[in-house]
Amino acid sequence: MDERFDSWHDHMFQQVVAPMMITCDDPASFRGSIESIDLGAVHVSAVEASPCEAYRTSRMIRQSDPELFQIAFNLRGETAITQDRRCVLSQPSYLVLYHTSRPHQIRTGFSKETTYGVMVVFPATLLPLPLHKVERLTATPLSGREGIGALISGFLTRLVNGSDQYRMADRLRLGTVLTDLLTALLAHRLEADTVVPPASRQRILLLRIHAFMQQHLADPQLSPATIAAAHGISIRTLHRLFQTQDTTVAAWIRTQRLNRCRRDLSDPTLHDRPIHAIATRWGFTDVTNFSHAFSTAYGLNPRDYRRQLGQSARFLK
């Protein structure tokens, strides 16, 4: 076998999650890479590999079983995952759950293509859900395009693309967020939301609200009333949620809008776009108020900020 495949096989067999046997139809041309990030008890890896097959047998389980759940999130290519007499063909944006405690098989690259995705590994004891119920969801497709699944897929994509930006304290917090999101997704499928701890439900609701606000920043009608109505909560509840963030709803919206405006003012391809058009694009209806808020936040008014960036760019040339 090719050395590249030998190295991949040894690494996956000995170090990743739990021992698995891996085979490949064409070892000579095999390519594989794995980049990992530890989030405390949760482990996330971006995995790219040529077509191969991995399986975990009853004998392997008897020899070693860390009792972990895994979630595979495909970004490119197709992966077939078989467990508990179920088989799912995981296509891009699918999330698929499986468990180390029972035999399973994973096959990638049906069209001779390289498969790329994210693997999440976490202890079964980390979920505040009955194990026998969660096991009903192994080898079943969970959508990553809508609802809580969309939050998870977006979270994982951004996480692996910026893994070098997080300090250890950041990673531990991100691990808690990811656990809460996974709990919410599985509980939703099991219709068991009542077993999710209140603190987790609150954090998940706040994540959904943040995502909604980001999507509607350009709408000048975005307000506590519209946000609360979209999530079926009272305005008082919304304000109480934001008290845990040490900010207000209005301040959060203003900060995000200013960040978007600053980004546009920094973009050389938008240097001909009027400042008032940029402000309007991100929900500011009063240019004077926008200019004052921008100056307070960044120490320069929008025109001087853009001019200073332009001068710096010309100097660097």
# chains A, B, ... in the order shown; residues from 1 in each chain; ligands from 1

call {"tool": "residues_around", "arguments": {"residues": "A:Pro92", "least_positions_apart": "5", "cutoff": "10 Å", "atoms": "only C-alpha atoms", "output": "NGL selection string"}}
result
:A and (73-79 or 115-117 or 143-145)

call {"tool": "select_by_dssp", "arguments": {"residues": "stretch 141-284 of chain A", "states": "alpha helix (DSSP H)", "output": "PyMOL selection string"}}
result
chain A and resi 147-161+168-190+198-215+224-230+235-243+249-266+275-281

call {"tool": "residues_around", "arguments": {"residues": "stretch 263-272 of chain A", "least_positions_apart": "3", "cutoff": "12 Å", "atoms": "only C-alpha atoms", "output": "list of chain:residue names"}}
result
A:Gln256, A:Arg257, A:Leu258, A:Asn259, A:Arg260, A:Ile275, A:His276, A:Ala277, A:Ile278, A:Ala279, A:Thr280, A:Arg281, A:Trp282, A:Phe294, A:Asn301, A:Pro302, A:Arg303, A:Asp304, A:Tyr305, A:Arg306, A:Arg307, A:Gln308, A:Leu309, A:Gly310, A:Gln311, A:Ser312, A:Ala313, A:Arg314

call {"tool": "write_last_selection", "arguments": {"atoms": "N, CA and C atoms", "output": "compact mmCIF listing (two decimals), in the first residue's frame"}}
result
# COMPACT_ATOMS: atom_id res chain seq x y z
N GLN A 256 -23.84 46.18 14.77
CA GLN A 256 -23.72 45.31 13.59
C GLN A 256 -23.86 46.12 12.30
N ARG A 257 -24.78 47.08 12.29
CA ARG A 257 -24.95 47.92 11.09
C ARG A 257 -23.70 48.76 10.84
N LEU A 258 -23.14 49.31 11.89
CA LEU A 258 -21.91 50.11 11.74
C LEU A 258 -20.76 49.24 11.23
N ASN A 259 -20.67 48.02 11.70
CA ASN A 259 -19.63 47.11 11.21
C ASN A 259 -19.78 46.85 9.72
N ARG A 260 -21.02 46.67 9.27
CA ARG A 260 -21.26 46.44 7.84
C ARG A 260 -20.91 47.68 7.03
N ILE A 275 -21.66 57.67 0.33
CA ILE A 275 -21.74 57.26 1.73
C ILE A 275 -23.19 57.11 2.18
N HIS A 276 -24.07 58.01 1.71
CA HIS A 276 -25.47 57.90 2.13
C HIS A 276 -26.10 56.61 1.60
N ALA A 277 -25.62 56.13 0.43
CA ALA A 277 -26.16 54.88 -0.13
C ALA A 277 -25.72 53.69 0.72
N ILE A 278 -24.49 53.73 1.22
CA ILE A 278 -24.00 52.66 2.09
C ILE A 278 -24.78 52.65 3.40
N ALA A 279 -25.00 53.85 3.95
CA ALA A 279 -25.76 53.93 5.20
C ALA A 279 -27.17 53.39 5.01
N THR A 280 -27.81 53.77 3.91
CA THR A 280 -29.18 53.31 3.64
C THR A 280 -29.21 51.81 3.42
N ARG A 281 -28.16 51.29 2.77
CA ARG A 281 -28.10 49.86 2.49
C ARG A 281 -28.18 49.02 3.76
N TRP A 282 -27.64 49.56 4.86
CA TRP A 282 -27.62 48.81 6.10
C TRP A 282 -28.59 49.35 7.15
N PHE A 294 -21.11 56.69 13.65
CA PHE A 294 -19.87 56.16 13.10
C PHE A 294 -18.66 56.84 13.75
N ASN A 301 -15.24 60.48 11.08
CA ASN A 301 -16.52 60.42 10.37
C ASN A 301 -16.33 59.56 9.12
N PRO A 302 -17.42 59.09 8.53
CA PRO A 302 -17.31 58.16 7.41
C PRO A 302 -16.45 58.67 6.25
N ARG A 303 -16.56 59.96 5.92
CA ARG A 303 -15.80 60.50 4.79
C ARG A 303 -14.29 60.47 5.10
N ASP A 304 -13.90 60.91 6.29
CA ASP A 304 -12.48 60.90 6.65
C ASP A 304 -11.95 59.48 6.77
N TYR A 305 -12.79 58.57 7.26
CA TYR A 305 -12.37 57.16 7.38
C TYR A 305 -12.05 56.58 6.01
N ARG A 306 -12.94 56.82 5.05
CA ARG A 306 -12.71 56.32 3.70
C ARG A 306 -11.48 56.98 3.07
N ARG A 307 -11.32 58.30 3.27
CA ARG A 307 -10.18 59.01 2.70
C ARG A 307 -8.87 58.48 3.30
N GLN A 308 -8.83 58.26 4.60
CA GLN A 308 -7.62 57.76 5.24
C GLN A 308 -7.24 56.38 4.72
N LEU A 309 -8.23 55.52 4.52
CA LEU A 309 -7.95 54.20 3.97
C LEU A 309 -7.42 54.30 2.54
N GLY A 310 -7.99 55.22 1.76
CA GLY A 310 -7.51 55.40 0.39
C GLY A 310 -6.08 55.88 0.34
N GLN A 311 -5.71 56.78 1.23
CA GLN A 311 -4.34 57.27 1.28
C GLN A 311 -3.39 56.15 1.69
N SER A 312 -3.80 55.33 2.65
CA SER A 312 -2.95 54.22 3.08
C SER A 312 -2.73 53.23 1.95
N ALA A 313 -3.78 52.98 1.19
CA ALA A 313 -3.66 52.03 0.08
C ALA A 313 -2.70 52.55 -0.98
N ARG A 314 -2.78 53.86 -1.28
CA ARG A 314 -1.87 54.44 -2.29
C ARG A 314 -0.42 54.42 -1.80

call {"tool": "select_by_dssp", "arguments": {"residues": "stretch 49-269 of chain A", "states": "strand (DSSP E or B)", "output": "PyMOL selection string"}}
result
chain A and resi 49+53-56+68-76+79-83+86-90+94-99+104-108+115-123+138+141-143

call {"tool": "write_last_selection", "arguments": {"atoms": "N, CA and C atoms", "output": "CSV table (one decimal), in the first residue's frame"}}
result
chain,number,residue,atom,x,y,z
A,49,ALA,N,-10.8,13.4,2.0
A,49,ALA,CA,-10.2,12.1,1.7
A,49,ALA,C,-10.7,11.6,0.3
A,53,GLU,N,-13.3,3.2,2.4
A,53,GLU,CA,-14.4,2.6,3.2
A,53,GLU,C,-13.8,2.4,4.6
A,54,ALA,N,-14.6,2.7,5.6
A,54,ALA,CA,-14.2,2.5,7.0
A,54,ALA,C,-15.3,1.7,7.7
A,55,TYR,N,-14.9,0.8,8.6
A,55,TYR,CA,-15.9,0.0,9.3
A,55,TYR,C,-15.4,-0.3,10.7
A,56,ARG,N,-16.4,-0.4,11.6
A,56,ARG,CA,-16.1,-0.7,13.0
A,56,ARG,C,-16.9,-1.9,13.4
A,68,LEU,N,-18.9,7.2,22.4
A,68,LEU,CA,-19.0,8.6,21.8
A,68,LEU,C,-20.0,8.6,20.7
A,69,PHE,N,-20.7,9.8,20.5
A,69,PHE,CA,-21.5,10.0,19.4
A,69,PHE,C,-20.6,10.8,18.4
A,70,GLN,N,-20.9,10.6,17.1
A,70,GLN,CA,-20.3,11.3,16.0
A,70,GLN,C,-21.4,11.9,15.1
A,71,ILE,N,-21.1,13.0,14.6
A,71,ILE,CA,-22.0,13.6,13.6
A,71,ILE,C,-21.1,14.0,12.4
A,72,ALA,N,-21.5,13.5,11.2
A,72,ALA,CA,-20.8,13.8,10.0
A,72,ALA,C,-21.6,14.8,9.2
A,73,PHE,N,-20.9,15.9,8.8
A,73,PHE,CA,-21.6,17.0,8.0
A,73,PHE,C,-20.8,17.1,6.7
A,74,ASN,N,-21.5,16.7,5.6
A,74,ASN,CA,-20.9,16.7,4.3
A,74,ASN,C,-20.9,18.1,3.7
A,75,LEU,N,-19.8,18.5,3.1
A,75,LEU,CA,-19.8,19.8,2.4
A,75,LEU,C,-19.5,19.5,0.9
A,76,ARG,N,-18.9,18.4,0.6
A,76,ARG,CA,-18.6,18.0,-0.8
A,76,ARG,C,-18.6,16.5,-0.9
A,79,THR,N,-21.5,10.4,1.1
A,79,THR,CA,-21.0,9.5,2.1
A,79,THR,C,-22.2,8.6,2.5
A,80,ALA,N,-22.0,7.3,2.4
A,80,ALA,CA,-23.0,6.3,2.9
A,80,ALA,C,-22.6,5.9,4.3
A,81,ILE,N,-23.6,6.0,5.2
A,81,ILE,CA,-23.3,5.6,6.6
A,81,ILE,C,-24.4,4.6,7.0
A,82,THR,N,-23.9,3.4,7.5
A,82,THR,CA,-24.8,2.3,7.8
A,82,THR,C,-24.6,2.0,9.3
A,83,GLN,N,-25.7,2.0,10.1
A,83,GLN,CA,-25.7,1.5,11.5
A,83,GLN,C,-27.2,1.2,11.9
A,86,ARG,N,-29.9,0.6,9.4
A,86,ARG,CA,-30.3,1.7,8.6
A,86,ARG,C,-29.1,2.2,7.8
A,87,CYS,N,-29.4,2.7,6.6
A,87,CYS,CA,-28.3,3.3,5.7
A,87,CYS,C,-28.8,4.6,5.1
A,88,VAL,N,-28.0,5.6,5.2
A,88,VAL,CA,-28.3,6.9,4.7
A,88,VAL,C,-27.2,7.4,3.8
A,89,LEU,N,-27.6,7.9,2.6
A,89,LEU,CA,-26.6,8.5,1.7
A,89,LEU,C,-26.5,10.0,2.0
A,90,SER,N,-25.5,10.4,2.7
A,90,SER,CA,-25.3,11.7,3.2
A,90,SER,C,-24.8,12.6,2.0
A,94,TYR,N,-26.1,17.6,4.7
A,94,TYR,CA,-26.8,16.7,5.6
A,94,TYR,C,-26.0,16.5,6.8
A,95,LEU,N,-26.6,16.3,8.0
A,95,LEU,CA,-26.0,15.9,9.2
A,95,LEU,C,-26.4,14.5,9.6
A,96,VAL,N,-25.5,13.6,9.9
A,96,VAL,CA,-25.8,12.2,10.2
A,96,VAL,C,-25.1,11.8,11.5
A,97,LEU,N,-25.9,11.3,12.3
A,97,LEU,CA,-25.5,10.8,13.7
A,97,LEU,C,-25.1,9.3,13.6
A,98,TYR,N,-24.1,8.9,14.3
A,98,TYR,CA,-23.8,7.5,14.6
A,98,TYR,C,-23.0,7.4,15.9
A,99,HIS,N,-22.8,6.1,16.3
A,99,HIS,CA,-22.3,5.9,17.7
A,99,HIS,C,-21.2,4.9,17.6
A,104,HIS,N,-20.7,-0.1,12.6
A,104,HIS,CA,-21.1,0.8,11.6
A,104,HIS,C,-20.1,0.8,10.4
A,105,GLN,N,-20.6,1.3,9.3
A,105,GLN,CA,-19.8,1.3,8.1
A,105,GLN,C,-19.9,2.6,7.4
A,106,ILE,N,-18.8,3.2,6.9
A,106,ILE,CA,-18.8,4.5,6.2
A,106,ILE,C,-18.1,4.3,4.9
A,107,ARG,N,-18.8,4.7,3.8
A,107,ARG,CA,-18.2,4.6,2.5
A,107,ARG,C,-18.3,6.0,1.8
A,108,THR,N,-17.2,6.4,1.3
A,108,THR,CA,-17.1,7.8,0.6
A,108,THR,C,-16.7,7.6,-0.8
A,115,THR,N,-14.0,13.5,-1.0
A,115,THR,CA,-15.1,14.0,-0.1
A,115,THR,C,-14.5,14.9,0.9
A,116,TYR,N,-15.3,16.0,1.2
A,116,TYR,CA,-14.8,16.9,2.2
A,116,TYR,C,-16.0,17.2,3.2
A,117,GLY,N,-15.7,17.2,4.5
A,117,GLY,CA,-16.8,17.4,5.4
A,117,GLY,C,-16.2,17.7,6.8
A,118,VAL,N,-17.1,17.8,7.7
A,118,VAL,CA,-16.8,18.1,9.1
A,118,VAL,C,-17.3,17.0,10.0
A,119,MET,N,-16.4,16.5,10.9
A,119,MET,CA,-16.8,15.4,11.8
A,119,MET,C,-16.8,16.0,13.2
A,120,VAL,N,-17.9,15.8,14.0
A,120,VAL,CA,-18.1,16.3,15.3
A,120,VAL,C,-18.1,15.0,16.2
A,121,VAL,N,-17.3,15.0,17.3
A,121,VAL,CA,-17.3,13.9,18.2
A,121,VAL,C,-17.5,14.4,19.6
A,122,PHE,N,-18.4,13.7,20.4
A,122,PHE,CA,-18.7,14.2,21.7
A,122,PHE,C,-19.2,13.0,22.5
A,123,PRO,N,-18.9,13.0,23.8
A,123,PRO,CA,-19.4,11.9,24.7
A,123,PRO,C,-20.9,11.8,24.7
A,138,THR,N,-29.8,7.4,14.8
A,138,THR,CA,-28.5,7.1,14.1
A,138,THR,C,-28.8,6.7,12.6
A,141,PRO,N,-31.0,11.0,8.0
A,141,PRO,CA,-30.6,12.3,7.5
A,141,PRO,C,-31.3,13.4,8.4
A,142,LEU,N,-30.4,14.3,8.8
A,142,LEU,CA,-30.9,15.5,9.5
A,142,LEU,C,-30.5,16.7,8.7
A,143,SER,N,-31.5,17.5,8.3
A,143,SER,CA,-31.2,18.6,7.4
A,143,SER,C,-30.4,19.7,8.0

call {"tool": "atom_distance", "arguments": {"atom1": "atom CA of A:Thr248", "atom2": "atom CA of A:Gln202"}}
result
16.3 Å

call {"tool": "residues_around", "arguments": {"residues": "A:Ser223", "least_positions_apart": "4", "cutoff": "12 Å", "atoms": "only C-alpha atoms", "output": "NGL selection string"}}
result
:A and (209 or 212-213 or 216-219 or 227-230 or 235 or 238-239 or 248-254 or 283)

call {"tool": "atom_distance", "arguments": {"atom1": "atom CA of A:Ala18", "atom2": "atom CA of A:Ser153"}}
result
23.9 Å

call {"tool": "atom_distance", "arguments": {"atom1": "atom CA of A:Asp180", "atom2": "atom CA of A:Thr247"}}
result
22.1 Å

call {"tool": "closest_residue", "arguments": {"among": "A:Asn161, A:Thr140, A:Thr226, A:Ser29", "to": "A:Glu113", "atoms": "only C-alpha atoms"}}
result
A:Ser29

call {"tool": "residues_around", "arguments": {"residues": "A:Arg171", "least_positions_apart": "2", "cutoff": "12 Å", "atoms": "only C-alpha atoms", "output": "mmCIF file with all heavy atoms, in the first residue's frame"}}
result
data_model
loop_
_atom_site.group_PDB
_atom_site.id
_atom_site.type_symbol
_atom_site.label_atom_id
_atom_site.label_comp_id
_atom_site.auth_asym_id
_atom_site.auth_seq_id
_atom_site.Cartn_x
_atom_site.Cartn_y
_atom_site.Cartn_z
ATOM 1 N N ILE A 37 -9.846 20.683 15.808
ATOM 2 C CA ILE A 37 -9.945 21.737 16.807
ATOM 3 C C ILE A 37 -10.677 21.162 18.011
ATOM 4 O O ILE A 37 -11.759 20.579 17.880
ATOM 5 C CB ILE A 37 -10.662 22.992 16.252
ATOM 6 C CG1 ILE A 37 -10.855 24.032 17.357
ATOM 7 C CG2 ILE A 37 -11.985 22.651 15.607
ATOM 8 C CD1 ILE A 37 -11.366 25.371 16.855
ATOM 9 N N ASP A 38 -10.065 21.288 19.182
ATOM 10 C CA ASP A 38 -10.661 20.786 20.416
ATOM 11 C C ASP A 38 -11.474 21.891 21.075
ATOM 12 O O ASP A 38 -10.977 22.996 21.299
ATOM 13 C CB ASP A 38 -9.572 20.307 21.381
ATOM 14 C CG ASP A 38 -8.946 18.995 20.932
ATOM 15 O OD1 ASP A 38 -9.703 18.097 20.537
ATOM 16 O OD2 ASP A 38 -7.710 18.875 20.976
ATOM 17 N N LEU A 39 -12.719 21.549 21.417
ATOM 18 C CA LEU A 39 -13.602 22.483 22.102
ATOM 19 C C LEU A 39 -13.963 21.910 23.467
ATOM 20 O O LEU A 39 -15.127 21.752 23.811
ATOM 21 C CB LEU A 39 -14.866 22.733 21.279
ATOM 22 C CG LEU A 39 -14.680 23.162 19.826
ATOM 23 C CD1 LEU A 39 -16.031 23.302 19.136
ATOM 24 C CD2 LEU A 39 -13.899 24.463 19.732
ATOM 25 N N GLY A 40 -12.958 21.579 24.240
ATOM 26 C CA GLY A 40 -13.204 20.931 25.520
ATOM 27 C C GLY A 40 -13.601 19.490 25.302
ATOM 28 O O GLY A 40 -12.850 18.702 24.725
ATOM 29 N N ALA A 41 -14.805 19.121 25.736
ATOM 30 C CA ALA A 41 -15.273 17.743 25.575
ATOM 31 C C ALA A 41 -15.690 17.434 24.143
ATOM 32 O O ALA A 41 -15.857 16.269 23.776
ATOM 33 C CB ALA A 41 -16.437 17.479 26.519
ATOM 34 N N VAL A 42 -15.850 18.463 23.337
ATOM 35 C CA VAL A 42 -16.271 18.293 21.944
ATOM 36 C C VAL A 42 -15.057 18.433 21.036
ATOM 37 O O VAL A 42 -14.227 19.326 21.222
ATOM 38 C CB VAL A 42 -17.340 19.332 21.554
ATOM 39 C CG1 VAL A 42 -17.848 19.084 20.138
ATOM 40 C CG2 VAL A 42 -18.488 19.305 22.540
ATOM 41 N N HIS A 43 -14.967 17.545 20.052
ATOM 42 C CA HIS A 43 -13.837 17.544 19.118
ATOM 43 C C HIS A 43 -14.390 17.709 17.702
ATOM 44 O O HIS A 43 -15.301 16.986 17.301
ATOM 45 C CB HIS A 43 -13.071 16.225 19.238
ATOM 46 C CG HIS A 43 -11.812 16.181 18.443
ATOM 47 N ND1 HIS A 43 -10.611 16.669 18.911
ATOM 48 C CD2 HIS A 43 -11.555 15.714 17.201
ATOM 49 C CE1 HIS A 43 -9.669 16.495 18.008
ATOM 50 N NE2 HIS A 43 -10.220 15.915 16.958
ATOM 51 N N VAL A 44 -13.862 18.677 16.953
ATOM 52 C CA VAL A 44 -14.331 18.953 15.597
ATOM 53 C C VAL A 44 -13.162 18.821 14.628
ATOM 54 O O VAL A 44 -12.069 19.328 14.901
ATOM 55 C CB VAL A 44 -14.939 20.374 15.495
ATOM 56 C CG1 VAL A 44 -15.382 20.667 14.066
ATOM 57 C CG2 VAL A 44 -16.106 20.522 16.459
ATOM 58 N N LEU A 159 -16.568 27.718 11.937
ATOM 59 C CA LEU A 159 -15.626 27.257 12.956
ATOM 60 C C LEU A 159 -14.357 26.690 12.323
ATOM 61 O O LEU A 159 -13.240 27.071 12.690
ATOM 62 C CB LEU A 159 -16.295 26.191 13.828
ATOM 63 C CG LEU A 159 -15.462 25.639 14.974
ATOM 64 C CD1 LEU A 159 -15.262 26.693 16.048
ATOM 65 C CD2 LEU A 159 -16.152 24.411 15.579
ATOM 66 N N VAL A 160 -14.503 25.790 11.355
ATOM 67 C CA VAL A 160 -13.326 25.156 10.770
ATOM 68 C C VAL A 160 -12.565 26.116 9.852
ATOM 69 O O VAL A 160 -11.351 25.963 9.660
ATOM 70 C CB VAL A 160 -13.697 23.863 10.002
ATOM 71 C CG1 VAL A 160 -14.292 22.841 10.941
ATOM 72 C CG2 VAL A 160 -14.673 24.151 8.858
ATOM 73 N N GLY A 162 -12.080 29.265 10.525
ATOM 74 C CA GLY A 162 -11.360 30.248 11.332
ATOM 75 C C GLY A 162 -10.820 29.671 12.612
ATOM 76 O O GLY A 162 -10.729 30.361 13.637
ATOM 77 N N SER A 163 -10.434 28.390 12.593
ATOM 78 C CA SER A 163 -10.041 27.697 13.817
ATOM 79 C C SER A 163 -8.828 28.307 14.494
ATOM 80 O O SER A 163 -8.659 28.202 15.710
ATOM 81 C CB SER A 163 -9.764 26.218 13.515
ATOM 82 O OG SER A 163 -8.727 26.092 12.556
ATOM 83 N N ASP A 164 -7.953 28.980 13.731
ATOM 84 C CA ASP A 164 -6.739 29.550 14.319
ATOM 85 C C ASP A 164 -7.003 30.875 15.042
ATOM 86 O O ASP A 164 -6.094 31.456 15.632
ATOM 87 C CB ASP A 164 -5.677 29.759 13.242
ATOM 88 C CG ASP A 164 -6.156 30.664 12.109
ATOM 89 O OD1 ASP A 164 -7.383 30.844 11.968
ATOM 90 O OD2 ASP A 164 -5.309 31.178 11.362
ATOM 91 N N GLN A 165 -8.239 31.357 15.009
ATOM 92 C CA GLN A 165 -8.563 32.647 15.613
ATOM 93 C C GLN A 165 -9.031 32.531 17.062
ATOM 94 O O GLN A 165 -9.211 33.538 17.738
ATOM 95 C CB GLN A 165 -9.661 33.349 14.798
ATOM 96 C CG GLN A 165 -9.300 33.576 13.345
ATOM 97 C CD GLN A 165 -10.472 34.147 12.560
ATOM 98 O OE1 GLN A 165 -11.430 34.656 13.128
ATOM 99 N NE2 GLN A 165 -10.405 34.040 11.237
ATOM 100 N N TYR A 166 -9.217 31.295 17.544
ATOM 101 C CA TYR A 166 -9.842 31.114 18.846
ATOM 102 C C TYR A 166 -8.829 30.747 19.928
ATOM 103 O O TYR A 166 -8.008 29.854 19.743
ATOM 104 C CB TYR A 166 -10.924 30.024 18.765
ATOM 105 C CG TYR A 166 -11.881 30.229 17.628
ATOM 106 C CD1 TYR A 166 -12.010 29.280 16.608
ATOM 107 C CD2 TYR A 166 -12.660 31.379 17.555
ATOM 108 C CE1 TYR A 166 -12.883 29.464 15.557
ATOM 109 C CE2 TYR A 166 -13.534 31.574 16.504
ATOM 110 C CZ TYR A 166 -13.646 30.615 15.510
ATOM 111 O OH TYR A 166 -14.505 30.805 14.458
ATOM 112 N N ARG A 167 -8.927 31.445 21.052
ATOM 113 C CA ARG A 167 -8.124 31.095 22.215
ATOM 114 C C ARG A 167 -8.775 29.916 22.935
ATOM 115 O O ARG A 167 -9.906 29.543 22.636
ATOM 116 C CB ARG A 167 -8.013 32.296 23.156
ATOM 117 C CG ARG A 167 -7.340 33.511 22.529
ATOM 118 C CD ARG A 167 -7.482 34.717 23.443
ATOM 119 N NE ARG A 167 -8.894 35.072 23.648
ATOM 120 C CZ ARG A 167 -9.298 36.065 24.418
ATOM 121 N NH1 ARG A 167 -8.430 36.797 25.084
ATOM 122 N NH2 ARG A 167 -10.593 36.317 24.550
ATOM 123 N N MET A 168 -8.061 29.334 23.898
ATOM 124 C CA MET A 168 -8.606 28.171 24.593
ATOM 125 C C MET A 168 -9.922 28.504 25.283
ATOM 126 O O MET A 168 -10.871 27.721 25.243
ATOM 127 C CB MET A 168 -7.589 27.658 25.624
ATOM 128 C CG MET A 168 -8.077 26.417 26.391
ATOM 129 S SD MET A 168 -8.635 25.074 25.293
ATOM 130 C CE MET A 168 -7.078 24.634 24.521
ATOM 131 N N ALA A 169 -9.985 29.675 25.922
ATOM 132 C CA ALA A 169 -11.238 30.055 26.587
ATOM 133 C C ALA A 169 -12.375 30.179 25.577
ATOM 134 O O ALA A 169 -13.517 29.801 25.858
ATOM 135 C CB ALA A 169 -11.050 31.372 27.339
ATOM 136 N N ARG A 173 -16.056 27.849 25.336
ATOM 137 C CA ARG A 173 -17.390 28.446 25.189
ATOM 138 C C ARG A 173 -18.070 27.960 23.911
ATOM 139 O O ARG A 173 -19.277 27.698 23.899
ATOM 140 C CB ARG A 173 -17.278 29.966 25.184
ATOM 141 C CG ARG A 173 -16.748 30.555 26.494
ATOM 142 C CD ARG A 173 -16.791 32.072 26.468
ATOM 143 N NE ARG A 173 -16.099 32.650 27.607
ATOM 144 C CZ ARG A 173 -14.867 33.148 27.573
ATOM 145 N NH1 ARG A 173 -14.197 33.165 26.430
ATOM 146 N NH2 ARG A 173 -14.302 33.633 28.647
ATOM 147 N N LEU A 174 -17.290 27.868 22.841
ATOM 148 C CA LEU A 174 -17.853 27.391 21.575
ATOM 149 C C LEU A 174 -18.312 25.940 21.694
ATOM 150 O O LEU A 174 -19.303 25.546 21.076
ATOM 151 C CB LEU A 174 -16.814 27.530 20.454
ATOM 152 C CG LEU A 174 -16.480 28.964 20.038
ATOM 153 C CD1 LEU A 174 -15.277 28.974 19.096
ATOM 154 C CD2 LEU A 174 -17.678 29.628 19.368
ATOM 155 N N GLY A 175 -17.594 25.153 22.492
ATOM 156 C CA GLY A 175 -18.002 23.773 22.726
ATOM 157 C C GLY A 175 -19.356 23.707 23.407
ATOM 158 O O GLY A 175 -20.207 22.865 23.071
ATOM 159 N N THR A 176 -19.590 24.596 24.360
ATOM 160 C CA THR A 176 -20.890 24.658 25.045
ATOM 161 C C THR A 176 -21.995 25.049 24.072
ATOM 162 O O THR A 176 -23.087 24.461 24.080
ATOM 163 C CB THR A 176 -20.832 25.668 26.204
ATOM 164 O OG1 THR A 176 -19.831 25.262 27.140
ATOM 165 C CG2 THR A 176 -22.178 25.767 26.904
ATOM 166 N N VAL A 177 -21.715 26.045 23.221
ATOM 167 C CA VAL A 177 -22.707 26.479 22.228
ATOM 168 C C VAL A 177 -23.058 25.341 21.282
ATOM 169 O O VAL A 177 -24.234 25.078 20.996
ATOM 170 C CB VAL A 177 -22.178 27.693 21.435
ATOM 171 C CG1 VAL A 177 -23.113 28.011 20.263
ATOM 172 C CG2 VAL A 177 -22.035 28.911 22.337
ATOM 173 N N LEU A 178 -22.038 24.634 20.791
ATOM 174 C CA LEU A 178 -22.275 23.549 19.849
ATOM 175 C C LEU A 178 -23.074 22.423 20.510
ATOM 176 O O LEU A 178 -23.984 21.855 19.899
ATOM 177 C CB LEU A 178 -20.943 23.026 19.316
ATOM 178 C CG LEU A 178 -21.022 21.904 18.273
ATOM 179 C CD1 LEU A 178 -21.919 22.287 17.111
ATOM 180 C CD2 LEU A 178 -19.615 21.553 17.770
#

call {"tool": "closest_residue", "arguments": {"among": "A:Ala225, A:Ile22, A:Leu186, A:Val47", "to": "A:Ile34", "atoms": "only C-alpha atoms"}}
result
A:Val47
